>>> print(open('structure.txt').read())   # compact mmCIF, C-alpha atoms
# COMPACT_ATOMS: atom_id res chain seq x y z
CA MET A 1 0.53 24.13 2.99
CA ARG A 2 2.17 24.97 -0.37
CA PHE A 3 5.12 27.34 -0.68
CA CYS A 4 5.48 29.51 -3.79
CA GLN A 5 8.74 30.54 -5.43
CA VAL A 6 10.03 34.03 -4.74
CA ARG A 7 9.52 36.40 -7.71
CA PHE A 8 12.53 38.64 -8.41
CA PRO A 9 12.53 41.96 -10.35
CA ALA A 10 13.04 41.64 -14.10
CA ARG A 11 16.35 43.56 -14.05
CA LEU A 12 17.82 41.29 -11.43
CA MET A 13 16.73 38.18 -13.35
CA ALA A 14 18.26 39.57 -16.56
CA GLY A 15 21.54 40.22 -14.78
CA VAL A 16 21.62 36.68 -13.35
CA ALA A 17 20.85 35.25 -16.78
CA SER A 18 23.78 37.18 -18.26
CA LEU A 19 26.13 35.86 -15.59
CA ALA A 20 24.93 32.33 -16.25
CA LEU A 21 25.55 32.69 -20.00
CA LEU A 22 29.06 34.03 -19.39
CA ALA A 23 29.83 31.18 -17.03
CA ALA A 24 28.58 28.68 -19.63
CA CYS A 25 31.36 29.71 -21.99
CA ASP A 26 34.02 27.98 -19.89
CA GLU A 27 32.16 25.57 -17.59
CA PRO A 28 28.91 23.51 -17.51
CA LEU A 29 25.85 25.66 -16.90
CA ASP A 30 25.11 25.99 -13.19
CA PHE A 31 21.29 25.72 -13.11
CA ASP A 32 21.11 26.32 -9.37
CA MET A 33 23.27 29.50 -9.64
CA ARG A 34 25.53 28.40 -6.79
CA GLY A 35 28.99 28.42 -8.32
CA LYS A 36 29.58 32.18 -8.56
CA VAL A 37 28.33 33.41 -5.20
CA GLY A 38 30.67 33.79 -2.22
CA GLY A 39 33.84 31.89 -1.54
CA PHE A 40 32.33 28.39 -1.17
CA SER A 41 30.98 26.76 -4.34
CA THR A 42 28.36 24.00 -4.19
CA ALA A 43 27.99 23.78 -7.98
CA PRO A 44 29.87 20.45 -8.40
CA ALA A 45 27.51 18.74 -5.97
CA ALA A 46 24.47 20.22 -7.68
CA GLN A 47 25.68 19.17 -11.13
CA SER A 48 26.58 15.60 -10.14
CA ALA A 49 23.90 13.14 -11.21
CA ALA A 50 22.03 11.05 -8.69
CA GLN A 51 21.09 7.41 -8.90
CA ASN A 52 17.65 6.46 -10.10
CA ARG A 53 15.05 6.10 -7.37
CA PRO A 54 14.46 2.36 -6.72
CA ALA A 55 11.43 0.86 -8.47
CA PRO A 56 8.44 0.27 -6.13
CA ASP A 57 6.72 -3.09 -5.80
CA GLY A 58 3.27 -3.91 -7.17
CA ARG A 59 1.54 -1.87 -4.46
CA GLY A 60 3.85 1.12 -4.95
CA ILE A 61 6.00 0.48 -1.86
CA ILE A 62 9.77 1.04 -1.67
CA SER A 63 11.30 -0.72 1.33
CA TYR A 64 14.48 0.48 3.00
CA PRO A 65 16.12 -1.12 6.06
CA ASN A 66 14.77 1.50 8.48
CA TYR A 67 11.60 2.81 6.81
CA GLN A 68 9.21 2.44 3.86
CA VAL A 69 7.57 4.87 1.46
CA ALA A 70 4.65 4.56 -0.96
CA VAL A 71 4.69 6.02 -4.48
CA ALA A 72 1.37 7.40 -5.72
CA ARG A 73 -0.14 6.37 -9.05
CA ARG A 74 -2.13 8.52 -11.47
CA GLY A 75 -5.48 9.48 -9.94
CA ASP A 76 -4.50 8.36 -6.42
CA THR A 77 -5.68 10.00 -3.23
CA VAL A 78 -4.27 9.46 0.25
CA SER A 79 -7.21 7.11 0.96
CA SER A 80 -6.68 4.98 -2.15
CA VAL A 81 -2.98 4.57 -1.37
CA ALA A 82 -3.75 3.66 2.26
CA ASN A 83 -6.35 1.07 1.24
CA ARG A 84 -3.98 -0.46 -1.30
CA ILE A 85 -1.14 -0.96 1.18
CA GLY A 86 -3.25 -1.92 4.21
CA LEU A 87 -3.04 1.23 6.35
CA THR A 88 -5.83 3.46 7.63
CA PRO A 89 -6.24 6.65 5.54
CA ALA A 90 -6.32 8.83 8.67
CA ASP A 91 -2.96 7.52 9.92
CA LEU A 92 -1.25 7.87 6.54
CA ALA A 93 -2.66 11.37 6.00
CA ARG A 94 -1.76 12.63 9.49
CA TYR A 95 1.81 11.31 9.20
CA ASN A 96 2.33 13.22 5.94
CA GLY A 97 0.55 16.47 6.84
CA LEU A 98 -2.38 15.75 4.51
CA THR A 99 -6.07 14.83 4.68
CA PRO A 100 -7.44 11.46 3.46
CA GLY A 101 -9.20 13.02 0.48
CA ASP A 102 -6.17 14.94 -0.84
CA GLU A 103 -5.31 14.15 -4.46
CA LEU A 104 -1.73 13.12 -5.19
CA ARG A 105 0.54 13.62 -8.18
CA GLU A 106 1.74 10.58 -10.07
CA GLY A 107 5.08 9.60 -8.52
CA GLU A 108 4.52 11.59 -5.30
CA VAL A 109 6.10 9.92 -2.26
CA LEU A 110 4.31 9.28 1.05
CA ALA A 111 6.18 8.13 4.16
CA LEU A 112 4.58 5.20 6.01
CA PRO A 113 3.88 5.63 9.75
CA ARG A 114 4.66 1.97 10.35
CA ARG A 115 6.15 -0.87 8.37
CA VAL A 116 3.94 -3.05 6.18
CA ALA A 117 4.84 -6.48 4.85
CA GLU A 118 6.85 -6.56 1.64
CA SER A 119 5.29 -8.15 -1.43
CA SER A 120 6.50 -11.33 -3.08
CA ALA A 121 6.85 -11.84 -6.83
CA GLY A 122 3.57 -13.66 -7.38
CA GLY A 123 0.05 -13.78 -6.04
CA VAL A 124 -1.28 -12.34 -2.80
CA ASP A 125 0.99 -11.24 0.01
CA ILE A 126 -0.26 -13.46 2.85
CA SER A 127 2.20 -11.84 5.27
CA ALA A 128 0.68 -8.40 4.76
CA ILE A 129 -2.85 -9.72 5.22
CA ALA A 130 -1.85 -11.52 8.41
CA GLY A 131 -0.10 -8.40 9.66
CA SER A 132 -3.12 -6.17 9.15
CA ALA A 133 -5.32 -8.69 10.94
CA ILE A 134 -2.89 -8.83 13.86
CA ASP A 135 -3.00 -5.02 14.08
CA ALA A 136 -6.78 -5.29 14.55
CA SER A 137 -6.42 -7.74 17.44
CA PRO A 138 -5.71 -7.03 21.15
CA ARG A 139 -2.07 -6.77 22.17
CA SER A 140 -2.19 -9.62 24.68
CA ALA A 141 -2.61 -13.36 24.27
CA PRO A 142 -1.52 -16.67 25.88
CA ALA A 143 2.13 -17.51 25.35
CA ALA A 144 1.55 -21.12 24.17
CA VAL A 145 0.89 -20.46 20.48
CA THR A 146 2.54 -22.61 17.81
CA THR A 147 3.64 -20.57 14.80
CA THR A 148 5.13 -21.33 11.41
CA SER A 149 6.87 -18.98 9.03
CA LEU A 150 4.88 -17.28 6.29
CA PRO A 151 6.06 -18.35 2.79
CA PRO A 152 5.51 -16.31 -0.37
CA SER A 153 1.97 -16.61 -1.70
CA GLY A 154 2.97 -18.65 -4.78
CA SER A 155 3.22 -22.43 -4.75
CA ALA A 156 7.02 -22.20 -4.61
CA ALA A 157 9.25 -19.70 -2.87
CA ALA A 158 9.81 -16.63 -5.01
CA ALA A 159 12.30 -13.80 -4.84
CA PRO A 160 11.06 -10.41 -3.68
CA ALA A 161 9.56 -8.26 -6.40
CA THR A 162 12.11 -5.52 -5.76
CA ALA A 163 15.58 -5.89 -4.32
CA ALA A 164 16.44 -3.85 -1.25
CA PRO A 165 18.32 -0.69 -2.26
CA LYS A 166 22.02 -0.68 -1.44
CA SER A 167 22.03 2.89 -0.09
CA GLU A 168 19.27 4.18 2.15
CA PRO A 169 18.49 7.83 1.34
CA VAL A 170 18.07 10.38 4.08
CA ARG A 171 14.46 11.36 4.87
CA HIS A 172 13.92 15.08 5.39
CA LYS A 173 10.75 16.45 7.00
CA VAL A 174 9.87 19.85 5.59
CA VAL A 175 9.50 22.66 8.13
CA ARG A 176 7.80 26.03 7.65
CA GLY A 177 9.73 28.37 5.37
CA GLU A 178 11.66 25.71 3.46
CA THR A 179 11.51 25.32 -0.33
CA ALA A 180 12.80 22.66 -2.68
CA TYR A 181 15.76 24.93 -3.42
CA THR A 182 16.77 25.37 0.22
CA VAL A 183 16.46 21.63 0.85
CA SER A 184 18.56 20.80 -2.23
CA ARG A 185 21.23 23.26 -1.06
CA LEU A 186 21.15 21.81 2.44
CA TYR A 187 22.01 18.32 1.16
CA GLN A 188 24.11 19.43 -1.85
CA VAL A 189 21.92 17.73 -4.47
CA SER A 190 20.32 18.98 -7.65
CA VAL A 191 16.82 20.40 -7.23
CA LYS A 192 15.82 18.47 -10.37
CA ASP A 193 16.95 15.17 -8.83
CA LEU A 194 15.09 16.07 -5.65
CA ALA A 195 11.94 16.69 -7.70
CA ASP A 196 12.35 13.44 -9.69
CA TRP A 197 12.81 11.33 -6.56
CA ASN A 198 9.77 12.81 -4.81
CA GLY A 199 7.35 13.40 -7.69
CA LEU A 200 7.29 17.18 -7.22
CA GLY A 201 5.32 19.34 -9.63
CA PRO A 202 6.83 21.64 -12.26
CA ASP A 203 6.88 24.50 -9.74
CA PHE A 204 8.88 22.37 -7.24
CA SER A 205 6.40 23.30 -4.50
CA ILE A 206 6.56 21.43 -1.19
CA ARG A 207 4.45 21.60 1.95
CA GLU A 208 5.08 21.78 5.68
CA GLY A 209 5.19 18.30 7.22
CA GLN A 210 6.03 16.58 3.92
CA TYR A 211 8.72 13.90 3.92
CA LEU A 212 11.30 14.13 1.13
CA LEU A 213 13.74 11.44 0.05
CA ILE A 214 17.17 12.95 -0.54
CA PRO A 215 18.63 11.47 -3.76
CA VAL A 216 21.62 9.16 -3.44
CA LYS A 217 24.51 10.39 -5.57
CA GLY A 218 25.99 7.95 -8.02
CA ALA A 219 26.15 7.05 -11.68
CA THR A 220 24.29 9.01 -14.30
CA PRO A 221 20.73 7.68 -14.66
CA PRO A 222 20.05 5.84 -17.94
CA LYS A 223 18.26 7.83 -20.60
CA VAL A 224 14.64 6.93 -21.23
CA ALA A 225 13.94 5.95 -24.83
CA PRO A 226 11.53 8.35 -26.58
CA ALA A 227 8.00 7.14 -27.05
CA VAL A 228 7.16 5.85 -30.54
CA VAL A 229 4.29 7.82 -32.05
CA THR A 230 2.47 6.28 -35.01
CA LYS A 231 0.51 8.15 -37.63
CA PRO A 232 -3.29 8.11 -37.50
CA GLY A 233 -4.55 4.88 -39.00
CA ALA A 234 -1.25 3.04 -38.45
CA GLY A 235 -0.52 0.47 -35.81
CA SER A 236 -3.09 -2.14 -34.75
CA GLU A 237 -5.64 -3.32 -37.28
CA THR A 238 -9.21 -2.10 -37.11
CA PRO A 239 -11.50 -4.93 -35.89
CA VAL A 240 -14.00 -6.21 -38.41
CA PRO A 241 -17.56 -5.21 -37.37
CA PRO A 242 -20.18 -7.98 -36.97
CA SER A 243 -22.28 -8.68 -40.04
CA ALA A 244 -25.59 -6.82 -40.13
CA ALA A 245 -27.16 -9.81 -41.87
CA LYS A 246 -26.56 -12.07 -38.87
CA PRO A 247 -28.93 -11.33 -35.96
CA LEU A 248 -27.47 -10.87 -32.52
CA PRO A 249 -28.04 -13.73 -30.08
CA ASN A 250 -30.78 -13.38 -27.50
CA GLU A 251 -29.20 -12.08 -24.33
CA LYS A 252 -30.63 -13.34 -21.09
CA ILE A 253 -30.05 -10.96 -18.21
CA ALA A 254 -30.21 -12.62 -14.82
CA ALA A 255 -32.22 -10.86 -12.16
CA LYS A 256 -30.10 -9.03 -9.62
CA PRO A 257 -30.13 -10.91 -6.30
CA PRO A 258 -31.58 -9.01 -3.35
CA ALA A 259 -29.08 -7.20 -1.19
CA ALA A 260 -28.00 -9.01 1.95
CA PRO A 261 -29.43 -7.61 5.17
CA ALA A 262 -27.06 -5.42 7.13
CA VAL A 263 -25.38 -6.89 10.20
CA SER A 264 -25.76 -4.88 13.38
CA VAL A 265 -23.95 -5.00 16.69
CA GLY A 266 -25.54 -7.52 19.04
CA GLN A 267 -27.03 -9.61 16.25
CA PRO A 268 -26.55 -13.40 16.61
CA SER A 269 -23.78 -14.61 14.33
CA ARG A 270 -25.50 -17.82 13.18
CA ASP A 271 -27.90 -17.80 10.24
CA PRO A 272 -30.12 -20.88 9.76
CA GLN A 273 -29.70 -20.68 5.95
CA ALA A 274 -27.21 -23.40 4.99
CA SER A 275 -27.15 -22.08 1.40
CA ALA A 276 -24.92 -19.12 2.32
CA ALA A 277 -21.50 -19.07 0.64
CA MET A 278 -19.79 -19.16 4.04
CA ALA A 279 -20.69 -20.11 7.59
CA TYR A 280 -20.06 -17.97 10.66
CA PRO A 281 -16.83 -19.11 12.33
CA VAL A 282 -18.28 -18.75 15.85
CA ASN A 283 -21.75 -19.15 17.29
CA GLY A 284 -21.97 -15.91 19.27
CA LYS A 285 -22.83 -12.22 18.97
CA ILE A 286 -21.35 -9.61 16.66
CA ILE A 287 -19.67 -6.90 18.75
CA ARG A 288 -18.06 -4.94 15.91
CA THR A 289 -19.18 -4.62 12.30
CA TYR A 290 -17.25 -4.16 9.05
CA THR A 291 -16.10 -0.64 8.14
CA LYS A 292 -13.74 -0.26 5.18
CA GLY A 293 -10.40 1.16 6.29
CA LYS A 294 -11.27 1.04 10.01
CA ASN A 295 -12.32 -2.53 10.73
CA ASP A 296 -11.66 -4.84 7.79
CA GLY A 297 -13.79 -7.64 9.22
CA ILE A 298 -16.31 -8.42 11.95
CA ASP A 299 -15.68 -9.33 15.58
CA ILE A 300 -17.79 -12.14 17.05
CA ALA A 301 -17.84 -12.75 20.81
CA ALA A 302 -18.77 -15.96 22.64
CA ALA A 303 -17.77 -17.90 25.74
CA PRO A 304 -14.04 -18.58 26.23
CA GLY A 305 -13.07 -21.91 24.66
CA THR A 306 -15.83 -21.80 22.01
CA ALA A 307 -14.71 -23.54 18.80
CA VAL A 308 -13.66 -21.35 15.87
CA THR A 309 -14.51 -23.18 12.65
CA ALA A 310 -13.68 -22.77 8.95
CA ALA A 311 -16.16 -20.58 7.09
CA ALA A 312 -15.77 -22.64 3.90
CA ASP A 313 -13.71 -25.44 2.34
CA GLY A 314 -10.12 -24.43 1.72
CA THR A 315 -6.42 -24.85 2.51
CA VAL A 316 -4.53 -23.49 5.50
CA ARG A 317 -2.12 -20.97 3.95
CA ALA A 318 -0.57 -19.50 7.10
CA ILE A 319 -0.45 -19.86 10.87
CA THR A 320 1.43 -17.16 12.73
CA ALA A 321 1.32 -14.76 15.66
CA SER A 322 2.45 -11.26 16.51
CA ALA A 323 5.27 -10.50 18.91
CA ASP A 324 2.62 -10.43 21.65
CA LYS A 325 1.49 -13.95 20.68
CA VAL A 326 -1.83 -12.88 19.14
CA ALA A 327 -2.53 -15.89 16.93
CA ILE A 328 -3.88 -15.77 13.38
CA VAL A 329 -4.93 -18.36 10.80
CA VAL A 330 -5.33 -17.65 7.06
CA ILE A 331 -7.40 -20.02 4.86
CA GLN A 332 -7.33 -19.88 1.06
CA HIS A 333 -10.51 -20.67 -0.91
CA PRO A 334 -11.37 -20.87 -4.63
CA ASN A 335 -11.92 -17.67 -6.66
CA ASN A 336 -8.95 -15.90 -5.03
CA LEU A 337 -10.77 -15.63 -1.67
CA LEU A 338 -9.09 -15.71 1.72
CA THR A 339 -10.57 -15.87 5.21
CA VAL A 340 -8.66 -14.63 8.25
CA TYR A 341 -9.23 -15.73 11.85
CA ALA A 342 -7.38 -13.61 14.43
CA ASN A 343 -7.32 -13.45 18.24
CA VAL A 344 -7.63 -17.23 18.70
CA ASP A 345 -5.96 -19.90 20.81
CA GLY A 346 -5.45 -23.67 20.77
CA ILE A 347 -4.87 -23.97 17.02
CA ALA A 348 -6.01 -27.43 15.82
CA VAL A 349 -4.65 -27.37 12.24
CA LYS A 350 -1.28 -26.88 10.58
CA LYS A 351 -0.11 -25.07 7.46
CA GLY A 352 -1.01 -26.94 4.28
CA ASP A 353 -4.00 -28.82 5.76
CA SER A 354 -7.18 -29.07 3.70
CA VAL A 355 -10.17 -28.09 5.82
CA LYS A 356 -13.92 -28.43 5.39
CA ARG A 357 -16.62 -25.93 6.18
CA GLY A 358 -17.41 -26.13 9.89
CA GLN A 359 -14.14 -27.90 10.79
CA LYS A 360 -12.52 -26.68 14.00
CA LEU A 361 -9.50 -24.45 13.46
CA ALA A 362 -8.94 -23.10 16.98
CA GLN A 363 -10.90 -21.79 19.96
CA LEU A 364 -11.61 -18.45 21.61
CA ARG A 365 -9.14 -17.20 24.16
CA ALA A 366 -9.78 -17.12 27.87
CA GLY A 367 -10.57 -13.89 29.67
CA GLU A 368 -12.39 -10.75 28.56
CA ASN A 369 -11.10 -10.83 24.98
CA ALA A 370 -13.05 -13.95 24.01
CA TYR A 371 -13.91 -13.10 20.41
CA VAL A 372 -12.65 -13.84 16.90
CA HIS A 373 -11.72 -11.14 14.40
CA PHE A 374 -12.96 -12.57 11.06
CA GLU A 375 -12.07 -11.16 7.63
CA VAL A 376 -12.92 -12.06 4.04
CA ARG A 377 -10.46 -10.85 1.42
CA LYS A 378 -10.45 -11.04 -2.36
CA GLY A 379 -6.80 -10.86 -3.24
CA PHE A 380 -5.39 -8.18 -0.99
CA ASP A 381 -8.60 -6.13 -0.65
CA SER A 382 -10.91 -6.66 2.31
CA GLN A 383 -14.57 -7.47 1.60
CA ASP A 384 -17.68 -7.02 3.71
CA PRO A 385 -18.24 -10.55 5.14
CA THR A 386 -22.02 -10.02 5.40
CA PRO A 387 -22.99 -11.02 1.81
CA TYR A 388 -20.94 -14.20 2.14
CA LEU A 389 -22.50 -15.18 5.47
CA ASN A 390 -26.18 -14.45 4.80
>>> encode(input="structure.txt", output="structure tokens")
Amino acid sequence: MRFCQVRFPARLMAGVASLALLAACDEPLDFDMRGKVGGFSTAPAAQSAAQNRPAPDGRGIISYPNYQVAVARRGDTVSSVANRIGLTPADLARYNGLTPGDELREGEVLALPRRVAESSAGGVDISAIAGSAIDASPRSAPAAVTTTSLPPSGSAAAAPATAAPKSEPVRHKVVRGETAYTVSRLYQVSVKDLADWNGLGPDFSIREGQYLLIPVKGATPPKVAPAVVTKPGAGSETPVPPSAAKPLPNEKIAAKPPAAPAVSVGQPSRDPQASAAMAYPVNGKIIRTYTKGKNDGIDIAAAPGTAVTAAADGTVRAITASADKVAIVVIQHPNNLLTVYANVDGIAVKKGDSVKRGQKLAQLRAGENAYVHFEVRKGFDSQDPTPYLN
């Protein structure tokens, strides 16, 4: 829900403007009109500059010790932000009083309902991928699982993309009847700083259930250099067009390959075609299919103890487990592909091993949860495993 500013009569606004101009003769202009009302003045707090909001990482996440927020980009919706950071759109929307399809302003801040892994300076964040796969697995597993720490995704350890902020700002959840002005007065900060930190629109409108970061007071923010505007025709050179005397080369357009058949629940997981890009990790039955944002892989069930094998040649990039000992293996392949094998036991490889297609990685757990959660990811984004397996 959006709250509009209160419209005052023209005479009253003219009188307030006159008072502001008179006050400006001796003191800095009080934009929030707080310094001349009543016996307690909050103008100094409103006029004191706040620190710049910390820069987000490559996915738009700002991490604080006790919570995280995501900063929207131009053209983002709640769903696009959720998919980029590895959360379900429904959870992110519900936590922020929105719907998954709601469009966001550039710079608008969304609070995260749970913590996601923080990015490293280079490459793919293996920790985040492993974490999302663990979230998709059952919350129980055998205790005897060997784990190793997850390094940054680059070949050498790299520093985090963004340093943790020194001061953690207060998070304020908007309740019915509040406006940006009442919130800024509550915390004694400038309404402009509040808008800058939270990506508010020019009307400073806020909604019920929205989380706001309260600016941290400090040094004056550095001034942004004005953009350089060049005259028409100046700047980069115009590319030279191809000569009309030279014929264009014959372009051969390859025929589009037929679409892979859809995988349905109950279908056997093994395909006799050895020409597929990847092999099924388990010879069993598919009990859950791929759905973007809900199930980022497929679940394949078989008898307890069944071998879980590598879908393709690659290198073991991570072996870890959740706090409940739900094990996970991440394999890196050429072309920026990763495969994820979660809900397994008896891991037979170690981090850094080179593995071949069909090589045993682990086995299915004992009990009723005898299945593997299998994902294919290109970079950080999940892919439908079906075209790779058929």
>>> residues_around(input="structure.txt", residues="range 208-212 of chain A", least_positions_apart="2", cutoff="6 Å", atoms="all atoms listed in the file", output="short mmCIF file (atom, residue, chain, number, x, y, z; two decimals) with C-alpha atoms, in the coordinates of the input")
data_model
loop_
_atom_site.label_atom_id
_atom_site.label_comp_id
_atom_site.auth_asym_id
_atom_site.auth_seq_id
_atom_site.Cartn_x
_atom_site.Cartn_y
_atom_site.Cartn_z
CA MET A 1 0.53 24.13 2.99
CA ASN A 96 2.33 13.22 5.94
CA GLY A 97 0.55 16.47 6.84
CA ARG A 171 14.46 11.36 4.87
CA HIS A 172 13.92 15.08 5.39
CA LYS A 173 10.75 16.45 7.00
CA VAL A 174 9.87 19.85 5.59
CA VAL A 175 9.50 22.66 8.13
CA ARG A 176 7.80 26.03 7.65
#
>>> residues_around(input="structure.txt", residues="Thr182 in chain A", least_positions_apart="3", cutoff="12 Å", atoms="all atoms listed in the file", output="MDAnalysis selection string")
chainID A and resid 3 5 32 34 172 174:179 185:191 194 204:206
>>> write_last_selection(input="structure.txt", atoms="C-alpha atoms", output="PDB file, in the coordinates of the input")
ATOM      1  CA  PHE A   3       5.120  27.340  -0.680  1.00  0.00           C
ATOM      2  CA  GLN A   5       8.740  30.540  -5.430  1.00  0.00           C
ATOM      3  CA  ASP A  32      21.110  26.320  -9.370  1.00  0.00           C
ATOM      4  CA  ARG A  34      25.530  28.400  -6.790  1.00  0.00           C
ATOM      5  CA  HIS A 172      13.920  15.080   5.390  1.00  0.00           C
ATOM      6  CA  VAL A 174       9.870  19.850   5.590  1.00  0.00           C
ATOM      7  CA  VAL A 175       9.500  22.660   8.130  1.00  0.00           C
ATOM      8  CA  ARG A 176       7.800  26.030   7.650  1.00  0.00           C
ATOM      9  CA  GLY A 177       9.730  28.370   5.370  1.00  0.00           C
ATOM     10  CA  GLU A 178      11.660  25.710   3.460  1.00  0.00           C
ATOM     11  CA  THR A 179      11.510  25.320  -0.330  1.00  0.00           C
ATOM     12  CA  ARG A 185      21.230  23.260  -1.060  1.00  0.00           C
ATOM     13  CA  LEU A 186      21.150  21.810   2.440  1.00  0.00           C
ATOM     14  CA  TYR A 187      22.010  18.320   1.160  1.00  0.00           C
ATOM     15  CA  GLN A 188      24.110  19.430  -1.850  1.00  0.00           C
ATOM     16  CA  VAL A 189      21.920  17.730  -4.470  1.00  0.00           C
ATOM     17  CA  SER A 190      20.320  18.980  -7.650  1.00  0.00           C
ATOM     18  CA  VAL A 191      16.820  20.400  -7.230  1.00  0.00           C
ATOM     19  CA  LEU A 194      15.090  16.070  -5.650  1.00  0.00           C
ATOM     20  CA  PHE A 204       8.880  22.370  -7.240  1.00  0.00           C
ATOM     21  CA  SER A 205       6.400  23.300  -4.500  1.00  0.00           C
ATOM     22  CA  ILE A 206       6.560  21.430  -1.190  1.00  0.00           C
TER      23      ILE A 206
END
>>> residues_around(input="structure.txt", residues="range 357-359 of chain A", least_positions_apart="5", cutoff="7 Å", atoms="all atoms listed in the file", output="list of chain:residue names")
A:Thr309, A:Ala310, A:Ala311, A:Ala312, A:Asp313
>>> atom_distance(input="structure.txt", atom1="CA of Asp296 in chain A", atom2="CA of Ala55 in chain A")
28.8 Å
>>> residues_near_point(input="structure.txt", point="(-19.5, -9.0, 9.1)", cutoff="10 Å", atoms="all atoms listed in the file", output="ChimeraX atom specification")
/A:262-265,269,280,286-291,295-300,373-376,383-390
>>> atom_distance(input="structure.txt", atom1="CA of Asp76 in chain A", atom2="CA of Val170 in chain A")
25.0 Å
>>> closest_residue(input="structure.txt", among="A:Thr315, A:Asn283, A:Gln51, A:Ser275", to="Gly352 in chain A", atoms="all atoms listed in the file")
A:Thr315
>>> atom_distance(input="structure.txt", atom1="CA of Val349 in chain A", atom2="CA of Ile331 in chain A")
10.8 Å
>>> residues_around(input="structure.txt", residues="Gly101 in chain A", least_positions_apart="4", cutoff="9 Å", atoms="all atoms listed in the file", output="ChimeraX atom specification")
/A:77-80,89,93
>>> write_last_selection(input="structure.txt", atoms="C-alpha atoms", output="JSON list (two decimals), keeping the file's coordinate frame")
[["chain", "number", "residue", "atom", "x", "y", "z"],
["A", 77, "THR", "CA", -5.68, 10.00, -3.23],
["A", 78, "VAL", "CA", -4.27, 9.46, 0.25],
["A", 79, "SER", "CA", -7.21, 7.11, 0.96],
["A", 80, "SER", "CA", -6.68, 4.98, -2.15],
["A", 89, "PRO", "CA", -6.24, 6.65, 5.54],
["A", 93, "ALA", "CA", -2.66, 11.37, 6.00]]
>>> closest_residue(input="structure.txt", among="A:Pro215, A:Gly199, A:Gly367, A:Pro169", to="Pro65 in chain A", atoms="only C-alpha atoms")
A:Pro169
>>> residues_around(input="structure.txt", residues="Glu108 in chain A", least_positions_apart="6", cutoff="9 Å", atoms="all atoms listed in the file", output="JSON, numbers by chain")
{"A": [70, 71, 72, 73, 197, 198, 199, 200, 201]}
>>> closest_residue(input="structure.txt", among="A:Ala82, A:Gly305, A:Ala362, A:Leu104", to="Ile328 in chain A", atoms="all atoms listed in the file")
A:Ala362
>>> decode(input="structure.txt", residues="range 105-116 of chain A", atoms="N, CA and C atoms", output="compact mmCIF listing (two decimals), in the first residue's frame")
# COMPACT_ATOMS: atom_id res chain seq x y z
N ARG A 105 11.85 0.10 -8.14
CA ARG A 105 12.65 1.23 -8.57
C ARG A 105 14.13 0.88 -8.49
N GLU A 106 14.93 1.49 -9.35
CA GLU A 106 16.37 1.30 -9.28
C GLU A 106 16.87 1.82 -7.93
N GLY A 107 17.60 0.99 -7.21
CA GLY A 107 18.10 1.35 -5.89
C GLY A 107 17.19 1.00 -4.74
N GLU A 108 15.97 0.50 -5.02
CA GLU A 108 15.04 0.13 -3.95
C GLU A 108 15.60 -1.06 -3.18
N VAL A 109 15.39 -1.05 -1.87
CA VAL A 109 15.98 -2.06 -0.97
C VAL A 109 14.92 -3.08 -0.57
N LEU A 110 15.29 -4.37 -0.67
CA LEU A 110 14.44 -5.46 -0.19
C LEU A 110 15.18 -6.20 0.92
N ALA A 111 14.49 -6.45 2.03
CA ALA A 111 15.07 -7.26 3.11
C ALA A 111 14.97 -8.73 2.75
N LEU A 112 16.00 -9.51 3.11
CA LEU A 112 16.02 -10.93 2.80
C LEU A 112 15.45 -11.73 3.97
N PRO A 113 14.56 -12.69 3.70
CA PRO A 113 13.96 -13.47 4.79
C PRO A 113 14.94 -14.42 5.45
N ARG A 114 15.99 -14.76 4.75
CA ARG A 114 17.05 -15.60 5.34
C ARG A 114 18.36 -15.25 4.67
N ARG A 115 19.43 -15.60 5.30
CA ARG A 115 20.76 -15.22 4.81
C ARG A 115 21.16 -16.06 3.61
N VAL A 116 21.77 -15.41 2.62
CA VAL A 116 22.33 -16.12 1.48
C VAL A 116 23.83 -15.95 1.53
